[in-house]
Amino acid sequence: MQAPEVYADLSKNLVDAATMRFLLDLARDCGLQAQRDAMLRGDVANATEGRAVLHTALRAPRGAGPYSEEVHGVLDAMLAYAERVRADPGLTDIVNIGIGGSDLGPRMAVQALQTYGDEGRRRLHFVSNVDGHDIAPLLARLEPTRTLFIVASKTFTTQETMANAHAARAWFVAQGGSDVNRHFAAATTNVKAAAEFGIRTTFGFWDWVGGRYSLWSAIGLPIAIAVGAANFRALLAGAHAMDRHFASAPLAQNLPVLLGLIDVWYRNFHGLSSRSVAPYHQGLARLPAYLQQLEMESNGKRVDRDGRPLPLATSPVVWGEPGTNGQHAYFQMLHQGSDVIPVEFIAVRTPAHELHEQHRMLLANCLAQSQALMLGKTADEAGAERAPTAGADIAPQVLAQHRSFPGNRPSTTLVLEALTPAALGALIAMYEHRVFTSGALWGINSFDQWGVELGKALCNALLPRLIDGQTRGLDGSTAGLLQRLRG
Ligand code: F6P
C-alpha cells in the first residue's frame, strides 16, 4: 500500500483478510481512533507526567496546529540561526552534546541526509556518552575558535550531557576561548538553566514534546545546520503529510495503524519477542538505534494506564544493522534459528551516487533476503542440489537437513523513492504513530519513561562512594565491584 512518501509491501506477513478484520475490530474495541484524536487535540495523553503529547504540532503548517504561533516563532528563529552558522566560514566544527532523544534523532537524520549537506564546509560531531572516551579524543582534534557546541537537553539536568557540556566549556576556556556566546548554543525547555550555564543563544521548546519525539523541535538544530532551513522544512512537511494520513485515513488503509496492529499480532498472538530492522541504505545506519529508544522507551511497560499489571506482553526488542552487513552476521539465525523474528526491510529506489551496478546488487540482496525468508527450502530441494563443499563422511540426507530452510518467516518491506528530507520525515512520523497504535491497544502510557529513574538515583548514591570507598549498607555484589573499580 502507498502512504505519503512510503510504500509498504505487507504481503509477506503471517496475516490474511480474516486476521486483519479481527485486528481492526480489536483496534476499534480499544478505542484507537478516540485515543488518537485525543492525542492530536492536545488532551493529557501522558497522565503520569500530566502532559499533552503534541509533537505533531511541531510539523503542522503555520496557523494550522495547536501552539502554532510559539512553534513557528522558535522554528523561524532556529532556522535563521542555522543559516547564519552555515554562512559563517569561521565555524567549521559543530558539536552536538546530548543523549537519548537529544542525540539519536539528530544523529540519525544528519547521517541519512548527508547528501543534502555541505560536509566539505563543516563537520558535525555528536557526543553523548558520559564516558570521557567519547568527548576527549574529539576535543583533541578541535580548535576552539572554529567550533560551535550545541548543548541539547530537554531538561538541562541530564548527568551525561551536563558533564560533557562542562568538559567542553572548561576545554574552551583552557584553550583561551572567551566568546562563549558565539561558541555555545542550547536547545532546551529549561531556558533558565541554560542561562545559568552561561549560554545566551537558546532555542526553547515545551514539555508537551517528549524527548524521543523531539527531533522536530529546537533539538533538530544540528539537522538544520547540516542541511539548511529549506530541507529542514521539507523534513517537517513530510512528517506532516504522514500525520494527516494517520489522522484521517480509514483504519484499514492507514499504514502506521496496520503496522502497529501487525506488531501486536506477532507479539501477543504468535509470542514473538523481537523484530529486526534492516535498512538497505547506509544513510539509515542509525535508524535501528533511533527506533530502539522510540519503541522500547515508549512501549517497554508492564502496567496499564491505571497502574494494573498487564496480563500480556508489550514492546518487542527492536534491533538491526544496515543490509547487507547484517546478512554476514546474524541473518543465519533469521533464516534457520529456532526463533521466528519478523524482519523489516527498507529499500530506497533511487540512490544518491553513481555506482548503479552496486545499487542493483543492494536491491537484489534486499529482495532475495525477504524472498528466502518467505519461501525457504525443503530438505528434498536441498538434497536434490549438488552440495558445493559436501564432506565425504556426512550422509547426504543429514547434509540436506542442515541446508534446508523452514520458510514462512514474516517480513515487511518499506520502499522510499529516494532518501529525501520529506521521505525521511514521513518515515519517522510513520514509526511514531505505529508505536502509538500498539501502545493504545496495550492500554499503556507510551509517553513516560519511569524505568530510567531507579538507575539514575542509584548512580547518584554510588558516585560519592567511588571517592570515599564507603561500602556500608551496600549489597555484596555491588560492594565487591565498587572496591575493584575504585581508582
Ligand atoms: O533516557 C531518559 C531520557 O529522559 C530520555 O527520555 C531523553 O531523551 C534523554 O533522557 C535525554 O534527556 P534530556 O534531553 O532532558 O537531556
# chains A, B, ... in the order shown; residues from 1 in each chain; ligands from 1
call {"tool": "residues_around", "arguments": {"residues": "Gly320 in chain A", "least_positions_apart": "5", "cutoff": "7 Å", "atoms": "only C-alpha atoms", "output": "JSON, numbers by chain"}}
result
{"A": [276, 277, 278, 288]}
call {"tool": "residues_near_ligand", "arguments": {"ligand": "ligand 1", "cutoff": "10 Å", "atoms": "only C-alpha atoms and all ligand atoms", "output": "ChimeraX atom specification"}}
result
/A:97-105,128,151-162,187-190,210-214,219,293-294,297-298,447-453,456
call {"tool": "write_last_selection", "arguments": {"atoms": "C-alpha atoms", "output": "short mmCIF file (atom, residue, chain, number, x, y, z; two decimals), in the first residue's frame"}}
result
data_model
loop_
_atom_site.label_atom_id
_atom_site.label_comp_id
_atom_site.auth_asym_id
_atom_site.auth_seq_id
_atom_site.Cartn_x
_atom_site.Cartn_y
_atom_site.Cartn_z
CA ILE A 97 26.17 17.40 23.12
CA GLY A 98 23.08 15.44 24.12
CA ILE A 99 21.87 11.91 24.83
CA GLY A 100 18.77 9.79 24.19
CA GLY A 101 16.24 11.82 22.25
CA SER A 102 18.60 14.78 22.27
CA ASP A 103 21.12 12.75 20.28
CA LEU A 104 19.63 9.75 18.48
CA GLY A 105 17.18 11.60 16.22
CA SER A 128 26.53 11.52 24.01
CA VAL A 151 24.06 21.69 24.35
CA ALA A 152 20.88 19.74 23.61
CA SER A 153 18.87 18.70 26.63
CA LYS A 154 15.16 18.94 27.22
CA THR A 155 15.67 19.17 30.97
CA PHE A 156 19.18 20.63 31.04
CA THR A 157 19.85 18.37 34.02
CA THR A 158 20.84 15.07 32.40
CA GLN A 159 24.06 13.88 34.03
CA GLU A 160 25.84 12.77 30.86
CA THR A 161 25.03 15.91 28.93
CA MET A 162 25.90 18.30 31.72
CA ALA A 187 18.20 23.64 22.78
CA THR A 188 16.11 23.08 25.90
CA THR A 189 12.83 23.59 27.71
CA ASN A 190 14.86 24.82 30.70
CA GLY A 210 8.72 14.05 24.54
CA GLY A 211 12.50 13.61 24.33
CA ARG A 212 12.25 10.77 21.82
CA TYR A 213 9.78 12.79 19.74
CA SER A 214 11.85 15.97 19.73
CA ILE A 219 16.62 19.69 19.18
CA GLN A 293 14.54 4.41 22.02
CA LEU A 294 11.36 5.30 20.16
CA GLU A 297 11.31 3.54 25.84
CA SER A 298 7.74 4.21 24.70
CA PHE A 447 4.96 8.72 26.68
CA ASP A 448 6.58 8.37 30.09
CA GLN A 449 9.87 6.62 30.96
CA TRP A 450 9.92 5.94 34.68
CA GLY A 451 12.04 2.88 34.03
CA VAL A 452 15.15 5.02 33.66
CA GLU A 453 14.80 6.66 37.08
CA LYS A 456 19.83 7.30 37.83
#
call {"tool": "select_by_dssp", "arguments": {"residues": "range 366-441 of chain A", "states": "strand (DSSP E or B)", "output": "PyMOL selection string"}}
result
chain A and resi 377+405+411-418
call {"tool": "write_last_selection", "arguments": {"atoms": "C-alpha atoms", "output": "mmCIF file, in the first residue's frame"}}
result
data_model
loop_
_atom_site.group_PDB
_atom_site.id
_atom_site.type_symbol
_atom_site.label_atom_id
_atom_site.label_comp_id
_atom_site.auth_asym_id
_atom_site.auth_seq_id
_atom_site.Cartn_x
_atom_site.Cartn_y
_atom_site.Cartn_z
ATOM 1 C CA LYS A 377 13.838 -24.591 1.031
ATOM 2 C CA PHE A 405 15.201 -23.517 5.390
ATOM 3 C CA SER A 411 8.777 -9.661 6.815
ATOM 4 C CA THR A 412 7.599 -6.237 5.734
ATOM 5 C CA THR A 413 9.333 -4.263 3.011
ATOM 6 C CA LEU A 414 9.116 -0.476 3.048
ATOM 7 C CA VAL A 415 10.131 1.365 -0.116
ATOM 8 C CA LEU A 416 11.113 5.014 -0.457
ATOM 9 C CA GLU A 417 11.531 6.612 -3.856
ATOM 10 C CA ALA A 418 14.669 8.409 -2.608
#
call {"tool": "residues_around", "arguments": {"residues": "Asp118 in chain A", "least_positions_apart": "3", "cutoff": "12 Å", "atoms": "only C-alpha atoms", "output": "list in words"}}
result
Arg86, Ala87, Thr92, Val110, Leu113, Gln114, Thr115, Arg121, Arg122, Arg123, Leu124, Ile223, Ala224, Ile225, Ala226, Val227 and Gly228 of chain A
call {"tool": "write_last_selection", "arguments": {"atoms": "N, CA and C atoms", "output": "PDB file, in the first residue's frame"}}
result
ATOM      1  N   ARG A  86      25.638  28.413   8.953  1.00  0.00           N
ATOM      2  CA  ARG A  86      26.047  27.853   7.656  1.00  0.00           C
ATOM      3  C   ARG A  86      26.822  28.869   6.817  1.00  0.00           C
ATOM      4  N   ALA A  87      26.457  30.135   7.014  1.00  0.00           N
ATOM      5  CA  ALA A  87      27.100  31.180   6.198  1.00  0.00           C
ATOM      6  C   ALA A  87      28.409  31.667   6.826  1.00  0.00           C
ATOM      7  N   THR A  92      33.759  25.731  11.599  1.00  0.00           N
ATOM      8  CA  THR A  92      33.949  24.538  10.754  1.00  0.00           C
ATOM      9  C   THR A  92      33.528  23.252  11.458  1.00  0.00           C
ATOM     10  N   VAL A 110      21.005  13.451  10.446  1.00  0.00           N
ATOM     11  CA  VAL A 110      22.158  14.086   9.784  1.00  0.00           C
ATOM     12  C   VAL A 110      22.859  13.068   8.887  1.00  0.00           C
ATOM     13  N   LEU A 113      20.673  12.301   5.769  1.00  0.00           N
ATOM     14  CA  LEU A 113      20.568  13.386   4.783  1.00  0.00           C
ATOM     15  C   LEU A 113      21.931  13.955   4.405  1.00  0.00           C
ATOM     16  N   GLN A 114      22.941  13.120   4.572  1.00  0.00           N
ATOM     17  CA  GLN A 114      24.316  13.568   4.330  1.00  0.00           C
ATOM     18  C   GLN A 114      24.472  14.226   2.957  1.00  0.00           C
ATOM     19  N   THR A 115      23.789  13.680   1.967  1.00  0.00           N
ATOM     20  CA  THR A 115      23.990  14.218   0.616  1.00  0.00           C
ATOM     21  C   THR A 115      23.314  15.577   0.443  1.00  0.00           C
ATOM     22  N   ARG A 121      32.331  21.881   3.945  1.00  0.00           N
ATOM     23  CA  ARG A 121      32.483  23.195   4.590  1.00  0.00           C
ATOM     24  C   ARG A 121      32.483  23.110   6.106  1.00  0.00           C
ATOM     25  N   ARG A 122      31.805  22.126   6.633  1.00  0.00           N
ATOM     26  CA  ARG A 122      31.830  21.999   8.104  1.00  0.00           C
ATOM     27  C   ARG A 122      31.576  20.541   8.472  1.00  0.00           C
ATOM     28  N   ARG A 123      32.038  20.185   9.660  1.00  0.00           N
ATOM     29  CA  ARG A 123      31.855  18.812  10.142  1.00  0.00           C
ATOM     30  C   ARG A 123      30.881  18.827  11.320  1.00  0.00           C
ATOM     31  N   LEU A 124      29.986  17.827  11.354  1.00  0.00           N
ATOM     32  CA  LEU A 124      29.088  17.701  12.507  1.00  0.00           C
ATOM     33  C   LEU A 124      29.536  16.527  13.357  1.00  0.00           C
ATOM     34  N   ILE A 223      20.482  19.245  12.616  1.00  0.00           N
ATOM     35  CA  ILE A 223      19.976  18.828  11.296  1.00  0.00           C
ATOM     36  C   ILE A 223      19.860  20.067  10.411  1.00  0.00           C
ATOM     37  N   ALA A 224      19.296  21.145  10.974  1.00  0.00           N
ATOM     38  CA  ALA A 224      19.103  22.374  10.194  1.00  0.00           C
ATOM     39  C   ALA A 224      20.447  22.950   9.772  1.00  0.00           C
ATOM     40  N   ILE A 225      21.442  22.868  10.659  1.00  0.00           N
ATOM     41  CA  ILE A 225      22.771  23.380  10.281  1.00  0.00           C
ATOM     42  C   ILE A 225      23.363  22.496   9.178  1.00  0.00           C
ATOM     43  N   ALA A 226      23.106  21.198   9.270  1.00  0.00           N
ATOM     44  CA  ALA A 226      23.684  20.282   8.270  1.00  0.00           C
ATOM     45  C   ALA A 226      23.035  20.458   6.901  1.00  0.00           C
ATOM     46  N   VAL A 227      21.714  20.589   6.857  1.00  0.00           N
ATOM     47  CA  VAL A 227      21.040  20.530   5.545  1.00  0.00           C
ATOM     48  C   VAL A 227      20.386  21.844   5.137  1.00  0.00           C
ATOM     49  N   GLY A 228      20.330  22.822   6.036  1.00  0.00           N
ATOM     50  CA  GLY A 228      19.752  24.123   5.692  1.00  0.00           C
ATOM     51  C   GLY A 228      18.268  24.192   6.006  1.00  0.00           C
TER      52      GLY A 228
END
call {"tool": "closest_residue", "arguments": {"among": "A:Arg59, A:His240, A:Arg267, A:Arg28", "to": "Thr314 in chain A", "atoms": "only C-alpha atoms"}}
result
A:Arg267
call {"tool": "select_by_dssp", "arguments": {"residues": "range 162-327 of chain A", "states": "alpha helix (DSSP H)", "output": "PyMOL selection string"}}
result
chain A and resi 162-174+180-183+191-197+221-227+229-248+255-264+287-291+298-299
call {"tool": "closest_residue", "arguments": {"among": "A:Phe331, A:Lys301, A:Ala429, A:Pro250", "to": "Leu32 in chain A", "atoms": "only C-alpha atoms"}}
result
A:Pro250
call {"tool": "residues_around", "arguments": {"residues": "Ala3 in chain A", "least_positions_apart": "2", "cutoff": "10 Å", "atoms": "only C-alpha atoms", "output": "compact mmCIF listing (two decimals) with N, CA and C atoms, in the first residue's frame"}}
result
# COMPACT_ATOMS: atom_id res chain seq x y z
N MET A 1 0.83 -1.20 0.00
CA MET A 1 0.00 0.00 0.00
C MET A 1 0.87 1.25 0.00
N GLU A 5 4.89 9.23 0.83
CA GLU A 5 6.34 9.01 0.71
C GLU A 5 6.78 7.57 0.99
N VAL A 6 5.92 6.76 1.56
CA VAL A 6 6.33 5.40 1.96
C VAL A 6 5.39 4.39 1.32
N TYR A 7 5.97 3.45 0.55
CA TYR A 7 5.21 2.33 0.02
C TYR A 7 5.51 1.13 0.91
N ALA A 8 4.50 0.34 1.21
CA ALA A 8 4.73 -0.83 2.08
C ALA A 8 4.17 -2.08 1.43
N ALA A 241 2.65 15.31 6.36
CA ALA A 241 1.84 14.53 5.41
C ALA A 241 1.47 13.18 6.04
N MET A 242 2.44 12.57 6.74
CA MET A 242 2.13 11.29 7.41
C MET A 242 1.16 11.50 8.57
N HIS A 245 -2.25 11.59 7.13
CA HIS A 245 -2.65 10.22 6.75
C HIS A 245 -3.10 9.45 8.01
N PHE A 246 -2.30 9.54 9.07
CA PHE A 246 -2.63 8.83 10.31
C PHE A 246 -3.95 9.33 10.89
N ALA A 249 -6.92 8.71 7.36
CA ALA A 249 -7.15 7.53 6.51
C ALA A 249 -7.96 6.49 7.29
N GLN A 253 -6.78 1.32 5.75
CA GLN A 253 -5.81 1.84 4.76
C GLN A 253 -4.81 2.79 5.41
N ASN A 254 -4.61 2.62 6.69
CA ASN A 254 -3.79 3.55 7.45
C ASN A 254 -2.48 2.83 7.79
N LEU A 255 -1.40 3.22 7.13
CA LEU A 255 -0.16 2.43 7.24
C LEU A 255 0.38 2.32 8.67
N PRO A 256 0.53 3.43 9.43
CA PRO A 256 1.02 3.25 10.80
C PRO A 256 0.10 2.35 11.62
N ALA A 426 8.50 11.58 6.70
CA ALA A 426 7.31 10.72 6.66
C ALA A 426 7.60 9.36 7.30
N LEU A 427 8.78 8.82 7.02
CA LEU A 427 9.15 7.51 7.57
C LEU A 427 9.18 7.55 9.10
N MET A 430 5.79 7.93 10.58
CA MET A 430 5.09 6.65 10.48
C MET A 430 5.44 5.75 11.67
call {"tool": "atom_distance", "arguments": {"atom1": "CA of Gly300 in chain A", "atom2": "CA of Cys459 in chain A"}}
result
21.6 Å
call {"tool": "atom_distance", "arguments": {"atom1": "CA of Ile467 in chain A", "atom2": "CA of Ala165 in chain A"}}
result
22.2 Å
call {"tool": "residues_around", "arguments": {"residues": "range 138-140 of chain A", "least_positions_apart": "3", "cutoff": "12 Å", "atoms": "only C-alpha atoms", "output": "PDB file with N, CA and C atoms, in the first residue's frame"}}
result
ATOM      1  N   ASP A  93      33.388  23.304  12.783  1.00  0.00           N
ATOM      2  CA  ASP A  93      33.042  22.085  13.530  1.00  0.00           C
ATOM      3  C   ASP A  93      31.872  22.369  14.464  1.00  0.00           C
ATOM      4  N   ILE A  94      30.822  21.613  14.299  1.00  0.00           N
ATOM      5  CA  ILE A  94      29.625  21.772  15.130  1.00  0.00           C
ATOM      6  C   ILE A  94      29.529  20.512  15.991  1.00  0.00           C
ATOM      7  N   VAL A  95      29.448  20.681  17.293  1.00  0.00           N
ATOM      8  CA  VAL A  95      29.410  19.524  18.201  1.00  0.00           C
ATOM      9  C   VAL A  95      28.077  19.518  18.933  1.00  0.00           C
ATOM     10  N   ASN A  96      27.262  18.509  18.690  1.00  0.00           N
ATOM     11  CA  ASN A  96      26.014  18.366  19.450  1.00  0.00           C
ATOM     12  C   ASN A  96      26.294  17.540  20.695  1.00  0.00           C
ATOM     13  N   ILE A  97      26.001  18.119  21.852  1.00  0.00           N
ATOM     14  CA  ILE A  97      26.170  17.404  23.120  1.00  0.00           C
ATOM     15  C   ILE A  97      24.778  17.099  23.654  1.00  0.00           C
ATOM     16  N   ARG A 123      32.038  20.185   9.660  1.00  0.00           N
ATOM     17  CA  ARG A 123      31.855  18.812  10.142  1.00  0.00           C
ATOM     18  C   ARG A 123      30.881  18.827  11.320  1.00  0.00           C
ATOM     19  N   LEU A 124      29.986  17.827  11.354  1.00  0.00           N
ATOM     20  CA  LEU A 124      29.088  17.701  12.507  1.00  0.00           C
ATOM     21  C   LEU A 124      29.536  16.527  13.357  1.00  0.00           C
ATOM     22  N   HIS A 125      29.619  16.759  14.648  1.00  0.00           N
ATOM     23  CA  HIS A 125      30.042  15.710  15.581  1.00  0.00           C
ATOM     24  C   HIS A 125      28.936  15.535  16.619  1.00  0.00           C
ATOM     25  N   PHE A 126      28.841  14.325  17.139  1.00  0.00           N
ATOM     26  CA  PHE A 126      27.841  14.052  18.179  1.00  0.00           C
ATOM     27  C   PHE A 126      28.530  13.399  19.370  1.00  0.00           C
ATOM     28  N   VAL A 127      28.343  13.994  20.533  1.00  0.00           N
ATOM     29  CA  VAL A 127      28.899  13.443  21.765  1.00  0.00           C
ATOM     30  C   VAL A 127      27.728  13.119  22.676  1.00  0.00           C
ATOM     31  N   SER A 128      27.660  11.879  23.158  1.00  0.00           N
ATOM     32  CA  SER A 128      26.526  11.515  24.007  1.00  0.00           C
ATOM     33  C   SER A 128      26.957  10.844  25.307  1.00  0.00           C
ATOM     34  N   GLY A 132      34.392   9.532  29.126  1.00  0.00           N
ATOM     35  CA  GLY A 132      35.300  10.537  28.581  1.00  0.00           C
ATOM     36  C   GLY A 132      35.951  10.123  27.285  1.00  0.00           C
ATOM     37  N   HIS A 133      35.932   8.811  26.991  1.00  0.00           N
ATOM     38  CA  HIS A 133      36.493   8.358  25.715  1.00  0.00           C
ATOM     39  C   HIS A 133      35.678   8.873  24.532  1.00  0.00           C
ATOM     40  N   ASP A 134      34.494   9.385  24.813  1.00  0.00           N
ATOM     41  CA  ASP A 134      33.679   9.939  23.726  1.00  0.00           C
ATOM     42  C   ASP A 134      34.153  11.354  23.395  1.00  0.00           C
ATOM     43  N   ILE A 135      34.180  12.219  24.401  1.00  0.00           N
ATOM     44  CA  ILE A 135      34.477  13.638  24.095  1.00  0.00           C
ATOM     45  C   ILE A 135      35.984  13.932  24.026  1.00  0.00           C
ATOM     46  N   GLU A 143      39.522  22.957  17.244  1.00  0.00           N
ATOM     47  CA  GLU A 143      40.097  24.278  17.516  1.00  0.00           C
ATOM     48  C   GLU A 143      38.995  25.143  18.105  1.00  0.00           C
ATOM     49  N   PRO A 144      39.226  25.743  19.271  1.00  0.00           N
ATOM     50  CA  PRO A 144      38.126  26.465  19.934  1.00  0.00           C
ATOM     51  C   PRO A 144      37.531  27.588  19.081  1.00  0.00           C
ATOM     52  N   ARG A 146      37.037  27.750  16.024  1.00  0.00           N
ATOM     53  CA  ARG A 146      36.288  27.301  14.845  1.00  0.00           C
ATOM     54  C   ARG A 146      35.128  26.372  15.215  1.00  0.00           C
ATOM     55  N   THR A 147      34.873  26.245  16.533  1.00  0.00           N
ATOM     56  CA  THR A 147      33.914  25.226  16.993  1.00  0.00           C
ATOM     57  C   THR A 147      32.669  25.863  17.602  1.00  0.00           C
ATOM     58  N   LEU A 148      31.518  25.266  17.267  1.00  0.00           N
ATOM     59  CA  LEU A 148      30.258  25.636  17.925  1.00  0.00           C
ATOM     60  C   LEU A 148      29.741  24.408  18.677  1.00  0.00           C
ATOM     61  N   PHE A 149      29.525  24.556  19.977  1.00  0.00           N
ATOM     62  CA  PHE A 149      28.929  23.484  20.775  1.00  0.00           C
ATOM     63  C   PHE A 149      27.431  23.760  20.938  1.00  0.00           C
ATOM     64  N   ASN A 164      29.434  16.471  29.914  1.00  0.00           N
ATOM     65  CA  ASN A 164      30.118  16.772  28.650  1.00  0.00           C
ATOM     66  C   ASN A 164      30.101  18.272  28.349  1.00  0.00           C
ATOM     67  N   ALA A 165      29.003  18.939  28.691  1.00  0.00           N
ATOM     68  CA  ALA A 165      28.932  20.388  28.444  1.00  0.00           C
ATOM     69  C   ALA A 165      29.961  21.117  29.308  1.00  0.00           C
ATOM     70  N   ALA A 167      32.717  19.806  30.464  1.00  0.00           N
ATOM     71  CA  ALA A 167      34.050  19.468  29.924  1.00  0.00           C
ATOM     72  C   ALA A 167      34.356  20.325  28.703  1.00  0.00           C
ATOM     73  N   ALA A 168      33.360  20.527  27.855  1.00  0.00           N
ATOM     74  CA  ALA A 168      33.573  21.334  26.643  1.00  0.00           C
ATOM     75  C   ALA A 168      33.878  22.787  27.015  1.00  0.00           C
ATOM     76  N   ARG A 169      33.120  23.314  27.981  1.00  0.00           N
ATOM     77  CA  ARG A 169      33.348  24.720  28.354  1.00  0.00           C
ATOM     78  C   ARG A 169      34.715  24.884  29.013  1.00  0.00           C
ATOM     79  N   ALA A 170      35.082  23.929  29.894  1.00  0.00           N
ATOM     80  CA  ALA A 170      36.401  24.014  30.553  1.00  0.00           C
ATOM     81  C   ALA A 170      37.505  23.943  29.503  1.00  0.00           C
ATOM     82  N   TRP A 171      37.360  23.048  28.536  1.00  0.00           N
ATOM     83  CA  TRP A 171      38.365  22.940  27.453  1.00  0.00           C
ATOM     84  C   TRP A 171      38.433  24.240  26.662  1.00  0.00           C
ATOM     85  N   PHE A 172      37.262  24.804  26.366  1.00  0.00           N
ATOM     86  CA  PHE A 172      37.186  26.024  25.569  1.00  0.00           C
ATOM     87  C   PHE A 172      37.936  27.165  26.279  1.00  0.00           C
ATOM     88  N   ALA A 174      40.163  26.844  28.736  1.00  0.00           N
ATOM     89  CA  ALA A 174      41.587  26.499  28.884  1.00  0.00           C
ATOM     90  C   ALA A 174      42.368  26.757  27.594  1.00  0.00           C
ATOM     91  N   GLN A 175      41.681  26.658  26.467  1.00  0.00           N
ATOM     92  CA  GLN A 175      42.350  26.908  25.177  1.00  0.00           C
ATOM     93  C   GLN A 175      42.412  28.395  24.849  1.00  0.00           C
TER      94      GLN A 175
END
call {"tool": "atom_distance", "arguments": {"atom1": "CA of Phe203 in chain A", "atom2": "CA of Asp88 in chain A"}}
result
19.1 Å
call {"tool": "closest_residue", "arguments": {"among": "A:Gln327, A:Ser404, A:Ser370, A:Gln332", "to": "Glu385 in chain A", "atoms": "only C-alpha atoms"}}
result
A:Ser404
